[in-house]
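K.L.:
Take a look at data_23.txt, compact mmCIF, C-alpha atoms:
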```txt
# COMPACT_ATOMS: atom_id res chain seq x y z
CA MET A 723 12.98 39.38 101.44
CA VAL A 724 12.40 42.85 100.00
CA GLN A 725 8.97 43.21 98.38
CA THR A 726 9.17 45.27 95.18
CA VAL A 727 6.38 47.27 93.58
CA MET A 728 5.60 49.17 90.41
CA SER A 729 4.77 52.57 91.86
CA GLY A 730 4.22 54.72 88.78
CA THR A 731 3.86 54.57 85.01
CA GLY A 732 4.02 57.15 82.26
CA ILE A 733 3.51 57.36 78.52
CA PHE A 734 4.57 59.77 75.79
CA VAL A 735 2.38 59.76 72.68
CA PRO A 736 3.45 61.63 69.50
CA GLU A 737 1.12 64.34 68.22
CA GLU A 738 0.68 62.86 64.74
CA GLN A 739 -1.44 59.85 63.88
CA VAL A 740 -1.78 57.89 60.63
CA SER A 741 -4.90 55.93 59.75
CA ASN A 742 -4.99 52.71 57.77
CA ASP A 743 -6.67 54.57 54.91
CA GLU A 744 -3.84 57.09 54.73
CA LEU A 745 -1.18 54.37 54.71
CA VAL A 746 -3.04 52.42 52.05
CA ILE A 747 -3.39 55.41 49.73
CA ALA A 748 0.36 56.08 49.88
CA PHE A 749 1.29 52.40 49.56
CA ASN A 750 -1.02 51.77 46.61
CA GLN A 751 0.33 54.82 44.78
CA TYR A 752 3.85 53.46 45.33
CA VAL A 753 2.71 50.10 43.94
CA ASP A 754 1.21 51.74 40.84
CA ASN A 755 4.38 53.76 40.28
CA PHE A 756 6.55 50.65 40.70
CA ASN A 757 4.49 48.55 38.32
CA VAL A 758 4.57 51.24 35.63
CA ALA A 759 8.34 51.76 36.01
CA HIS A 760 9.00 48.01 35.79
CA ALA A 761 6.32 47.11 33.26
CA ALA A 762 8.72 45.40 30.85
CA ASP A 763 10.25 43.17 33.53
CA ILE A 764 6.80 42.33 34.87
CA GLU A 765 5.56 41.47 31.38
CA SER A 766 8.56 39.19 30.77
CA GLY A 767 8.10 37.46 34.12
CA LYS A 768 11.46 38.65 35.43
CA ILE A 769 9.79 40.21 38.46
CA ALA A 770 6.30 40.00 39.92
CA ALA A 771 3.91 42.91 39.92
CA ARG A 772 3.37 44.51 43.32
CA GLU A 773 -0.11 44.15 44.84
CA HIS A 774 -2.34 46.76 46.46
CA SER A 775 -3.05 46.81 50.17
CA SER A 776 -6.40 47.66 51.78
CA SER A 777 -7.70 48.89 55.12
CA ASP A 778 -9.93 45.83 55.43
CA PHE A 779 -6.95 43.53 54.94
CA ILE A 780 -4.96 45.40 57.60
CA PHE A 781 -7.72 45.32 60.20
CA LYS A 782 -8.57 41.67 59.60
CA ALA A 783 -4.91 40.64 59.80
CA SER A 784 -3.99 42.69 62.87
CA GLY A 785 -6.83 44.57 64.55
CA ILE A 786 -4.99 47.84 63.89
CA GLU A 787 -6.91 50.93 62.77
CA ARG A 788 -4.37 53.73 63.27
CA ARG A 789 -0.99 54.44 64.85
CA TYR A 790 0.90 57.37 66.39
CA VAL A 791 4.13 58.36 64.64
CA VAL A 792 6.91 60.88 65.23
CA ASN A 793 6.72 61.94 61.56
CA LYS A 794 3.69 61.56 59.32
CA SER A 795 4.63 63.45 56.15
CA GLY A 796 7.29 60.98 55.05
CA LEU A 797 5.11 57.94 55.73
CA ILE A 798 2.26 59.11 53.49
CA ASP A 799 4.54 60.30 50.68
CA PRO A 800 4.65 57.44 48.12
CA ASP A 801 8.11 58.57 47.01
CA ILE A 802 9.53 58.35 50.55
CA LEU A 803 7.50 55.89 52.67
CA ALA A 804 9.70 56.42 55.71
CA PRO A 805 9.81 58.88 58.59
CA VAL A 806 11.76 62.07 57.88
CA LEU A 807 13.74 63.07 60.98
CA SER A 808 16.53 65.63 60.99
CA GLU A 809 19.85 64.49 62.42
CA ARG A 810 20.70 66.15 65.70
CA THR A 811 24.08 67.34 66.84
CA ASN A 812 25.91 65.50 69.59
CA ASP A 813 25.19 68.45 71.90
CA GLU A 814 21.42 68.05 71.48
CA ILE A 815 19.31 65.42 73.17
CA SER A 816 18.71 62.47 70.85
CA ILE A 817 15.16 61.84 69.72
CA LEU A 818 14.80 58.52 71.55
CA ALA A 819 16.17 60.01 74.75
CA GLU A 820 13.81 62.98 74.37
CA ILE A 821 10.65 60.88 74.17
CA GLY A 822 12.00 58.67 76.95
CA VAL A 823 12.47 61.69 79.22
CA LYS A 824 8.89 62.82 78.57
CA ALA A 825 7.49 59.41 79.51
CA ALA A 826 9.80 59.23 82.55
CA GLU A 827 8.66 62.60 83.88
CA LYS A 828 5.06 61.37 83.87
CA ALA A 829 6.01 58.14 85.63
CA LEU A 830 7.86 60.12 88.32
CA ASP A 831 4.78 62.29 88.86
CA ASP A 832 2.58 59.20 89.05
CA ALA A 833 4.87 57.68 91.71
CA ARG A 834 5.03 61.01 93.60
CA LEU A 835 8.80 61.08 93.20
CA THR A 836 11.48 63.35 91.78
CA ALA A 837 14.70 62.62 89.92
CA ASP A 838 16.57 62.86 93.23
CA ASP A 839 14.73 59.74 94.42
CA ILE A 840 16.00 57.54 91.56
CA ASP A 841 19.42 55.88 91.60
CA ALA A 842 19.29 53.66 88.49
CA VAL A 843 17.93 53.99 84.95
CA ILE A 844 17.33 51.15 82.51
CA VAL A 845 16.40 51.74 78.88
CA ALA A 846 14.86 48.51 77.61
CA CYS A 847 13.68 48.58 74.00
CA SER A 848 14.01 47.14 70.51
CA ASN A 849 15.00 50.16 68.50
CA MET A 850 18.30 51.47 69.80
CA GLN A 851 19.31 54.75 68.20
CA ARG A 852 23.01 53.96 68.52
CA ALA A 853 25.41 51.48 70.04
CA TYR A 854 26.90 53.95 72.55
CA PRO A 855 26.86 56.00 74.66
CA ALA A 856 23.88 54.34 76.29
CA MET A 857 20.57 56.14 75.88
CA ALA A 858 19.88 55.36 79.53
CA ILE A 859 22.87 57.48 80.54
CA GLU A 860 21.61 60.29 78.31
CA ILE A 861 18.16 60.11 79.91
CA GLN A 862 19.84 60.03 83.31
CA LYS A 863 21.68 63.26 82.44
CA PHE A 864 18.65 65.18 81.17
CA LEU A 865 16.54 64.15 84.16
CA GLY A 866 19.34 64.97 86.61
CA ILE A 867 19.50 61.52 88.17
CA ASN A 868 22.49 60.35 90.20
CA GLY A 869 23.64 56.73 90.23
CA PHE A 870 24.03 54.53 87.15
CA ALA A 871 22.26 53.66 83.92
CA PHE A 872 22.44 51.12 81.10
CA ASP A 873 20.64 49.92 77.98
CA MET A 874 19.29 46.44 77.32
CA ASN A 875 17.56 44.90 74.32
CA VAL A 876 15.38 41.81 74.29
CA ALA A 877 13.25 43.09 71.40
CA CYS A 878 9.51 43.16 72.12
CA SER A 879 10.04 41.48 75.51
CA SER A 880 12.38 44.21 76.75
CA ALA A 881 9.94 45.83 79.20
CA THR A 882 9.18 42.68 81.17
CA PHE A 883 12.85 41.71 81.18
CA GLY A 884 13.65 45.24 82.37
CA ILE A 885 11.13 45.01 85.22
CA ASN A 886 12.66 41.67 86.23
CA VAL A 887 16.17 43.15 86.25
CA ALA A 888 15.05 46.23 88.19
CA SER A 889 13.21 44.16 90.79
CA ASP A 890 16.22 41.88 91.25
CA MET A 891 18.57 44.87 91.66
CA ILE A 892 16.39 46.30 94.40
CA LYS A 893 16.23 42.94 96.20
CA ALA A 894 20.03 42.71 95.96
CA CYS A 895 20.34 46.26 97.39
CA SER A 896 22.28 47.50 94.35
CA ALA A 897 19.56 50.13 93.77
CA LYS A 898 16.71 51.61 95.81
CA ARG A 899 14.48 52.94 93.06
CA VAL A 900 14.79 52.16 89.34
CA LEU A 901 13.36 54.04 86.38
CA MET A 902 12.76 51.68 83.46
CA VAL A 903 12.06 53.35 80.09
CA ASN A 904 10.88 51.94 76.76
CA PRO A 905 11.31 54.51 73.96
CA GLU A 906 10.26 53.01 70.63
CA ILE A 907 10.38 54.69 67.22
CA CYS A 908 9.33 51.54 65.41
CA SER A 909 8.47 53.41 62.21
CA GLY A 910 12.20 53.91 61.67
CA HIS A 911 12.88 50.20 61.08
CA LEU A 912 9.67 49.29 59.26
CA ASN A 913 9.65 48.56 55.52
CA PHE A 914 6.68 50.61 54.33
CA ARG A 915 7.05 49.05 50.86
CA ASP A 916 6.19 45.57 52.16
CA ARG A 917 2.49 44.78 51.80
CA ASP A 918 2.56 42.18 54.58
CA SER A 919 4.02 44.48 57.22
CA HIS A 920 3.74 48.15 56.18
CA PHE A 921 0.98 48.75 58.72
CA ILE A 922 2.34 46.95 61.79
CA PHE A 923 4.19 49.50 63.90
CA GLY A 924 3.68 52.81 65.68
CA ASP A 925 5.84 55.09 67.84
CA VAL A 926 5.58 55.77 71.59
CA ALA A 927 7.55 55.79 74.83
CA THR A 928 6.59 54.29 78.19
CA ALA A 929 8.21 54.35 81.62
CA VAL A 930 7.72 52.63 84.97
CA ILE A 931 9.15 53.13 88.45
CA ILE A 932 10.16 50.01 90.39
CA GLU A 933 11.02 50.34 94.09
CA ALA A 934 10.77 48.61 97.47
CA GLN A 935 7.29 48.51 98.92
CA ASP A 936 8.40 50.15 102.17
CA THR A 937 9.62 53.27 100.31
CA CYS A 938 6.54 53.62 98.10
CA GLN A 939 4.73 56.98 98.32
CA SER A 940 2.36 56.40 95.41
CA ASP A 941 -1.41 56.55 95.76
CA GLU A 942 -1.62 53.35 93.75
CA SER A 943 1.01 50.62 93.38
CA PHE A 944 1.28 47.03 92.23
CA GLU A 945 3.30 44.41 94.09
CA ILE A 946 5.56 42.32 91.87
CA ILE A 947 4.51 38.83 92.98
CA GLY A 948 6.79 36.97 90.59
CA THR A 949 8.73 37.16 87.34
CA LYS A 950 9.56 34.51 84.76
CA LEU A 951 11.62 34.85 81.57
CA PHE A 952 12.10 32.62 78.55
CA THR A 953 14.22 32.72 75.37
CA GLN A 954 14.68 30.39 72.41
CA PHE A 955 16.62 31.31 69.29
CA SER A 956 14.67 31.88 66.07
CA ASN A 957 15.24 33.75 62.81
CA ASN A 958 11.52 34.25 62.17
CA ILE A 959 11.62 37.84 63.44
CA ARG A 960 14.82 39.63 62.52
CA ASN A 961 16.51 42.94 61.70
CA ASN A 962 20.06 42.74 60.33
CA PHE A 963 20.92 46.43 60.44
CA GLY A 964 24.09 47.10 62.39
CA PHE A 965 27.61 48.50 62.36
CA LEU A 966 29.03 45.40 60.66
CA ASN A 967 26.98 46.16 57.53
CA ARG A 968 29.79 48.43 56.34
CA THR A 969 32.08 45.40 56.09
CA ALA A 970 29.78 43.90 53.43
CA PRO A 971 28.61 46.94 51.44
CA GLU A 972 26.91 44.74 48.83
CA GLY A 973 24.16 44.08 51.36
CA ILE A 974 23.50 47.68 52.40
CA GLY A 975 19.89 48.62 51.69
CA ALA A 976 18.67 45.03 51.41
CA THR A 977 15.24 44.33 52.85
CA ASP A 978 16.68 42.36 55.78
CA LYS A 979 18.21 45.60 57.10
CA LEU A 980 14.68 46.51 58.16
CA PHE A 981 12.08 44.52 60.08
CA VAL A 982 11.31 41.15 58.52
CA GLN A 983 9.25 38.26 59.88
CA ASP A 984 7.57 35.04 58.89
CA GLY A 985 4.24 35.88 60.47
CA ARG A 986 2.61 32.50 60.02
CA ARG A 987 5.47 30.64 61.67
CA VAL A 988 5.60 33.19 64.47
CA PHE A 989 1.90 32.72 65.14
CA LYS A 990 2.25 28.93 65.15
CA GLU A 991 5.42 28.74 67.25
CA VAL A 992 5.21 31.65 69.70
CA LEU A 993 1.67 31.27 70.99
CA PRO A 994 2.15 27.84 72.62
CA LEU A 995 5.35 29.13 74.25
CA VAL A 996 3.56 32.16 75.69
CA VAL A 997 0.55 30.22 76.95
CA ASN A 998 2.86 27.67 78.60
CA LEU A 999 4.99 30.42 80.15
CA ILE A 1000 1.98 32.16 81.72
CA GLU A 1001 0.33 28.95 82.93
CA THR A 1002 3.58 27.58 84.36
CA HIS A 1003 4.42 30.89 86.03
CA ILE A 1004 1.01 31.12 87.70
CA THR A 1005 1.27 27.55 88.98
CA GLU A 1006 4.88 27.93 90.17
CA THR A 1007 3.89 31.05 92.10
CA GLY A 1008 1.30 29.02 94.02
CA LEU A 1009 -1.68 30.62 92.32
CA ASN A 1010 -4.57 29.32 90.27
CA LEU A 1011 -5.65 30.57 86.85
CA ALA A 1012 -8.87 31.73 88.52
CA ASP A 1013 -6.82 34.16 90.62
CA ILE A 1014 -5.89 36.20 87.53
CA ARG A 1015 -8.22 39.11 86.85
CA ARG A 1016 -6.40 40.70 83.91
CA LEU A 1017 -3.87 40.05 81.16
CA TRP A 1018 -1.81 42.96 79.86
CA LEU A 1019 -0.32 41.38 76.76
CA HIS A 1020 2.22 42.49 74.19
CA GLN A 1021 0.32 44.39 71.53
CA ALA A 1022 1.43 42.76 68.27
CA ASN A 1023 -1.72 41.27 66.82
CA LYS A 1024 -5.30 41.08 68.09
CA ASN A 1025 -5.78 37.53 66.82
CA MET A 1026 -2.72 36.39 68.80
CA ASN A 1027 -3.88 38.13 71.97
CA ASP A 1028 -7.40 36.74 71.68
CA TYR A 1029 -5.94 33.23 71.32
CA ILE A 1030 -3.78 33.65 74.43
CA GLY A 1031 -6.64 35.14 76.43
CA LYS A 1032 -8.98 32.29 75.55
CA LYS A 1033 -6.38 29.68 76.50
CA ILE A 1034 -5.58 31.30 79.86
CA PHE A 1035 -9.16 32.01 80.92
CA GLY A 1036 -10.62 28.85 79.36
CA ARG A 1037 -13.21 30.96 77.54
CA ASP A 1038 -13.51 34.13 75.53
CA PRO A 1039 -12.30 36.81 77.95
CA ALA A 1040 -14.29 39.97 78.52
CA PRO A 1041 -12.68 43.09 77.00
CA GLU A 1042 -11.63 44.35 80.44
CA GLU A 1043 -9.96 41.02 81.26
CA GLN A 1044 -7.69 41.09 78.21
CA PRO A 1045 -7.66 44.70 76.97
CA ASN A 1046 -6.18 45.69 73.62
CA VAL A 1047 -4.76 49.05 72.53
CA LEU A 1048 -3.77 47.85 69.06
CA GLN A 1049 -6.58 49.67 67.32
CA ASP A 1050 -5.13 53.06 68.29
CA PHE A 1051 -1.39 52.42 68.79
CA ALA A 1052 -0.54 49.45 66.53
CA ASN A 1053 2.47 47.36 67.57
CA THR A 1054 4.87 49.49 69.63
CA SER A 1055 7.30 46.66 70.38
CA SER A 1056 8.52 46.69 74.02
CA ALA A 1057 6.12 49.48 74.98
CA GLY A 1058 2.91 47.67 74.03
CA SER A 1059 2.26 45.73 77.22
CA MET A 1060 3.12 48.81 79.28
CA ILE A 1061 0.69 51.02 77.33
CA CYS A 1062 -1.95 48.39 77.98
CA PHE A 1063 -1.15 48.32 81.71
CA HIS A 1064 -0.97 52.12 81.96
CA LYS A 1065 -4.39 52.58 80.40
CA HIS A 1066 -6.20 49.60 81.90
CA HIS A 1067 -5.37 49.15 85.60
CA ASP A 1068 -7.26 51.86 87.46
CA ASN A 1069 -10.49 49.89 87.91
CA LEU A 1070 -8.91 46.90 89.63
CA GLN A 1071 -9.63 46.41 93.32
CA SER A 1072 -7.06 45.99 96.09
CA GLN A 1073 -5.55 42.47 96.04
CA ASP A 1074 -6.64 41.86 92.42
CA MET A 1075 -3.91 40.16 90.40
CA GLY A 1076 -2.91 40.24 86.76
CA VAL A 1077 -0.13 39.25 84.38
CA ILE A 1078 1.97 41.58 82.26
CA CYS A 1079 3.35 39.48 79.41
CA SER A 1080 5.45 40.48 76.44
CA PHE A 1081 6.87 38.29 73.68
CA GLY A 1082 8.59 38.56 70.35
CA ALA A 1083 11.90 38.28 68.54
CA GLY A 1084 14.46 35.99 70.01
CA TYR A 1085 12.14 34.20 70.56
CA SER A 1086 11.72 35.86 73.92
CA ALA A 1087 8.90 36.13 76.44
CA GLY A 1088 8.55 37.61 79.90
CA SER A 1089 5.79 37.24 82.50
CA ILE A 1090 5.30 39.57 85.48
CA ILE A 1091 2.56 38.70 87.99
CA VAL A 1092 1.40 41.77 89.91
CA LYS A 1093 -1.11 42.43 92.69
CA LYS A 1094 -2.79 45.75 93.36
CA SER A 1095 -1.78 47.02 96.79
```
Starting from the file, lay out its structure as structure tokens.
P.N.:
Amino acid sequence: MVQTVMSGTGIFVPEEQVSNDELVIAFNQYVDNFNVAHAADIESGKIAAREHSSSDFIFKASGIERRYVVNKSGLIDPDILAPVLSERTNDEISILAEIGVKAAEKALDDARLTADDIDAVIVACSNMQRAYPAMAIEIQKFLGINGFAFDMNVACSSATFGINVASDMIKACSAKRVLMVNPEICSGHLNFRDRDSHFIFGDVATAVIIEAQDTCQSDESFEIIGTKLFTQFSNNIRNNFGFLNRTAPEGIGATDKLFVQDGRRVFKEVLPLVVNLIETHITETGLNLADIRRLWLHQANKNMNDYIGKKIFGRDPAPEEQPNVLQDFANTSSAGSMICFHKHHDNLQSQDMGVICSFGAGYSAGSIIVKKS
């Protein structure tokens, strides 16, 4: 049996960052403008007045303090409240492919490899820029990689599902080394006029190299001990934007064409699924919970992660056992668990084991048990 490893990771972080305070100022000005413009309907009870947000509310609800974004000016303009990104020609690299390439280049350097060493590219993310051609093939072109490439989408779980697919391809000898990329411009599908979610997401791109252990040249690698995936259909996290919208033009621009979720139901229903997935995976792999030194969890909500960490460790985990990056990055969908791994793995010792786990819309969840070589 071929033993696969993660031999390098990389991250691209946009230059601009938006604080909770900046978002709140813009949002509250929008609310004031809306309430003035619709004063008569509000007075008659036809519609409800919009409510202010606050930085304290955001932090208490999520643990988020700030987020990186590809465009800040549009997000803090109360008349726009959306990123402003110029459309590119078909001859130019698309924006998602561009940030994916930048993350991929860093992962290649980390693995001590070049584009010539890669023979497959997977783009696994939530926020696809288009249906086709695949962004993975575009990234393949701009990196100069031979072989094949394809896109896949399992929402926030895409990275762990992508690692699973890459590892299986290497074991099946259909690829030798796989580049898996998670470019996420989450600000593009977020409704910044929704008080309950206007603060949730940030933008970033991550990348990881998966290859056979006997080809690994990296100074530091992690053996993929086991993978486990789970899905169960739910409408509690949804985005209905797509090419079929044009067939029902009366719905274009409706709020469900952006990110929508029932956060309370997600919290109640997803957490038991994730805890069970991790516990079952550890046991099925022949390990004990005590063998796990670190959890690199999907970065959606600090309260959710703290709950999972406490259940898995049987106590409140130390910050290094269940690290969070939410305070600086917010939710970056598929990239969150990989940011967490990228930034919080260097201080593990050889043979230490941990779990990379992502979860979200679908419902979907993926668990990857890794061991430091």
K.L.:
What is the atom CA of Asp763 of chain A to atom CA of Leu803 of chain A distance in Å?
P.N.:
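Going from atom CA of Asp763 of chain A over to atom CA of Leu803 of chain A covers 23.1 Å.
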K.L.:
Could you state the separation of atom CA of Phe952 of chain A and atom CA of Lys1093 of chain A in Å, given to one decimal place?
P.N.:
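The value is 21.7 Å.
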K.L.:
Within 10 Å of Arg789 of chain A, counting all atoms listed in the file, which residues qualify if same-chain residues fewer than 6 places away don't, as a PDB file with C-alpha atoms, in the frame of the given file?
P.N.:
```pdb
ATOM      1  CA  PRO A 736       3.450  61.630  69.500  1.00  0.00           C
ATOM      2  CA  GLU A 738       0.680  62.860  64.740  1.00  0.00           C
ATOM      3  CA  GLN A 739      -1.440  59.850  63.880  1.00  0.00           C
ATOM      4  CA  VAL A 740      -1.780  57.890  60.630  1.00  0.00           C
ATOM      5  CA  SER A 741      -4.900  55.930  59.750  1.00  0.00           C
ATOM      6  CA  ASN A 742      -4.990  52.710  57.770  1.00  0.00           C
ATOM      7  CA  SER A 909       8.470  53.410  62.210  1.00  0.00           C
ATOM      8  CA  PHE A 921       0.980  48.750  58.720  1.00  0.00           C
ATOM      9  CA  ILE A 922       2.340  46.950  61.790  1.00  0.00           C
ATOM     10  CA  PHE A 923       4.190  49.500  63.900  1.00  0.00           C
ATOM     11  CA  GLY A 924       3.680  52.810  65.680  1.00  0.00           C
ATOM     12  CA  ASP A 925       5.840  55.090  67.840  1.00  0.00           C
ATOM     13  CA  VAL A 926       5.580  55.770  71.590  1.00  0.00           C
ATOM     14  CA  LEU A1048      -3.770  47.850  69.060  1.00  0.00           C
ATOM     15  CA  GLN A1049      -6.580  49.670  67.320  1.00  0.00           C
ATOM     16  CA  ASP A1050      -5.130  53.060  68.290  1.00  0.00           C
ATOM     17  CA  PHE A1051      -1.390  52.420  68.790  1.00  0.00           C
ATOM     18  CA  ALA A1052      -0.540  49.450  66.530  1.00  0.00           C
ATOM     19  CA  ASN A1053       2.470  47.360  67.570  1.00  0.00           C
ATOM     20  CA  THR A1054       4.870  49.490  69.630  1.00  0.00           C
TER      21      THR A1054
END
```
K.L.:
So that I can check the surroundings of Asp1038 of chain A, please list as a ChimeraX atom specification every protein, DNA and RNA residue that reaches within 9 Å of it, counting all atoms listed in the file and ignoring chain neighbours fewer than 4 positions away.
P.N.:
/A:1028-1029,1031-1033
K.L.:
So that I can see what lies close to Ala877 of chain A, please list as an MDAnalysis selection string the residues with an atom at most 12 Å from it, counting only C-alpha atoms and leaving out residues fewer than 6 positions away in the same chain.
P.N.:
chainID A and resid 845:850 883:884 904:906 908 953 959:961 981 1020 1054:1058 1080:1088
K.L.:
Could you check the closest approach to Leu901 of chain A for each of A:Ala819, A:Cys878, A:Ile764, A:Ala826 and tell me which residue wins, using all atoms listed in the file?
P.N.:
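Closest residue, counting all atoms listed in the file: A:Ala826.
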K.L.:
For Ile1034 of chain A, which residue among A:Ser729, A:Ser795, A:Asn998, A:Asn1069 is the nearest when counting only C-alpha atoms?
P.N.:
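Ranking A:Ser729, A:Ser795, A:Asn998, A:Asn1069 by distance to Ile1034 of chain A, first place goes to A:Asn998.
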K.L.:
Please list, as a list in words, the residues that have an atom at most 12 Å away from (8.4, 41.5, 40.5) in the coordinates of this file, counting all atoms listed in the file.
P.N.:
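Selection result: Val753, Phe756, Asn757, Val758, Ala759, His760, Ala761, Ala762, Asp763, Ile764, Glu765, Ser766, Gly767, Lys768, Ile769, Ala770, Ala771, Arg772 and Glu773 of chain A.
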K.L.:
Quote the spacing between atom CA of Ser808 of chain A and atom CA of Phe864 of chain A in Å to one decimal place.
P.N.:
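Here the two named atoms are 20.3 Å from each other.
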K.L.:
Give as a PyMOL selection string the set of residues within 6 Å of the point (20.9, 53.5, 81.1), where distances use the file's coordinates and all atoms listed in the file.
P.N.:
chain A and resi 843-845+856-859+871-873
K.L.:
Can you pull out the residues contacting Ala748 of chain A? Cut-off 8 Å, using all atoms listed in the file, and skip same-chain residues under 4 positions away; I want them as an MDAnalysis selection string.
P.N.:
chainID A and resid 744 752 797:800 803
K.L.:
Find, counting only C-alpha atoms, the residue in A:Ile861, A:Ala927, A:Ile1078, A:Leu951 that gets nearest to Ile907 of chain A.
P.N.:
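Checking each of A:Ile861, A:Ala927, A:Ile1078, A:Leu951 against Ile907 of chain A, counting only C-alpha atoms, the winner is A:Ala927.
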K.L.:
Need the shell around Ile947 of chain A: protein/DNA/RNA residues with any atom at most 8 Å away, counting all atoms listed in the file. Skip same-chain ones fewer than 2 positions apart. Format as a VMD selection string?
P.N.:
chain A and resid 945 949 1007 1090 to 1093
K.L.:
Identify which of the residues A:Ser1059, A:Asn793, A:Glu860, A:Thr1002 lies closest to Glu814 of chain A, counting all atoms listed in the file when measuring atom-to-atom distances.
P.N.:
A:Glu860
K.L.:
From the list A:Arg915, A:Lys893, A:Lys828, A:Lys794, which residue is nearest Val806 of chain A when using all atoms listed in the file?
P.N.:
A:Lys794
K.L.:
So, counting all atoms listed in the file, which residue among A:Pro994, A:Arg1037, A:His1067, A:Ala970 is closest to Leu1017 of chain A?
P.N.:
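Counting all atoms listed in the file, the residue closest to Leu1017 of chain A is A:His1067.
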K.L.:
Take segment 977-990 of chain A, bring it up to N, CA, C and O atoms, and give me the output as an mmCIF file, keeping the file's coordinate frame.
P.N.:
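Just written: rebuild_1.cif:
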```
data_model
loop_
_atom_site.group_PDB
_atom_site.id
_atom_site.type_symbol
_atom_site.label_atom_id
_atom_site.label_comp_id
_atom_site.auth_asym_id
_atom_site.auth_seq_id
_atom_site.Cartn_x
_atom_site.Cartn_y
_atom_site.Cartn_z
ATOM 1 N N THR A 977 16.454 44.299 52.037
ATOM 2 C CA THR A 977 15.240 44.330 52.850
ATOM 3 C C THR A 977 15.459 43.782 54.263
ATOM 4 O O THR A 977 14.729 44.135 55.182
ATOM 5 N N ASP A 978 16.464 42.912 54.444
ATOM 6 C CA ASP A 978 16.680 42.360 55.780
ATOM 7 C C ASP A 978 17.347 43.357 56.725
ATOM 8 O O ASP A 978 17.551 43.058 57.901
ATOM 9 N N LYS A 979 17.669 44.553 56.230
ATOM 10 C CA LYS A 979 18.210 45.600 57.100
ATOM 11 C C LYS A 979 17.089 46.381 57.773
ATOM 12 O O LYS A 979 17.335 47.314 58.528
ATOM 13 N N LEU A 980 15.863 46.002 57.479
ATOM 14 C CA LEU A 980 14.680 46.510 58.160
ATOM 15 C C LEU A 980 13.963 45.315 58.788
ATOM 16 O O LEU A 980 14.416 44.178 58.689
ATOM 17 N N PHE A 981 12.854 45.586 59.435
ATOM 18 C CA PHE A 981 12.080 44.520 60.080
ATOM 19 C C PHE A 981 11.597 43.504 59.056
ATOM 20 O O PHE A 981 11.007 43.856 58.032
ATOM 21 N N VAL A 982 11.859 42.237 59.339
ATOM 22 C CA VAL A 982 11.310 41.150 58.520
ATOM 23 C C VAL A 982 10.811 40.055 59.464
ATOM 24 O O VAL A 982 11.380 39.830 60.536
ATOM 25 N N GLN A 983 9.741 39.383 59.071
ATOM 26 C CA GLN A 983 9.250 38.260 59.880
ATOM 27 C C GLN A 983 8.471 37.292 59.010
ATOM 28 O O GLN A 983 7.934 37.660 57.963
ATOM 29 N N ASP A 984 8.435 36.064 59.461
ATOM 30 C CA ASP A 984 7.570 35.040 58.890
ATOM 31 C C ASP A 984 6.377 34.940 59.830
ATOM 32 O O ASP A 984 6.389 34.182 60.804
ATOM 33 N N GLY A 985 5.355 35.741 59.549
ATOM 34 C CA GLY A 985 4.240 35.880 60.470
ATOM 35 C C GLY A 985 3.518 34.592 60.780
ATOM 36 O O GLY A 985 3.128 34.351 61.927
ATOM 37 N N ARG A 986 3.343 33.745 59.789
ATOM 38 C CA ARG A 986 2.610 32.500 60.020
ATOM 39 C C ARG A 986 3.365 31.577 60.965
ATOM 40 O O ARG A 986 2.781 30.945 61.843
ATOM 41 N N ARG A 987 4.680 31.482 60.783
ATOM 42 C CA ARG A 987 5.470 30.640 61.670
ATOM 43 C C ARG A 987 5.529 31.223 63.075
ATOM 44 O O ARG A 987 5.508 30.480 64.062
ATOM 45 N N VAL A 988 5.609 32.546 63.157
ATOM 46 C CA VAL A 988 5.600 33.190 64.470
ATOM 47 C C VAL A 988 4.315 32.864 65.210
ATOM 48 O O VAL A 988 4.325 32.490 66.394
ATOM 49 N N PHE A 989 3.200 33.016 64.521
ATOM 50 C CA PHE A 989 1.900 32.720 65.140
ATOM 51 C C PHE A 989 1.860 31.278 65.646
ATOM 52 O O PHE A 989 1.437 31.003 66.770
ATOM 53 N N LYS A 990 2.323 30.360 64.824
ATOM 54 C CA LYS A 990 2.250 28.930 65.150
ATOM 55 C C LYS A 990 3.198 28.552 66.281
ATOM 56 O O LYS A 990 2.870 27.725 67.134
#
```
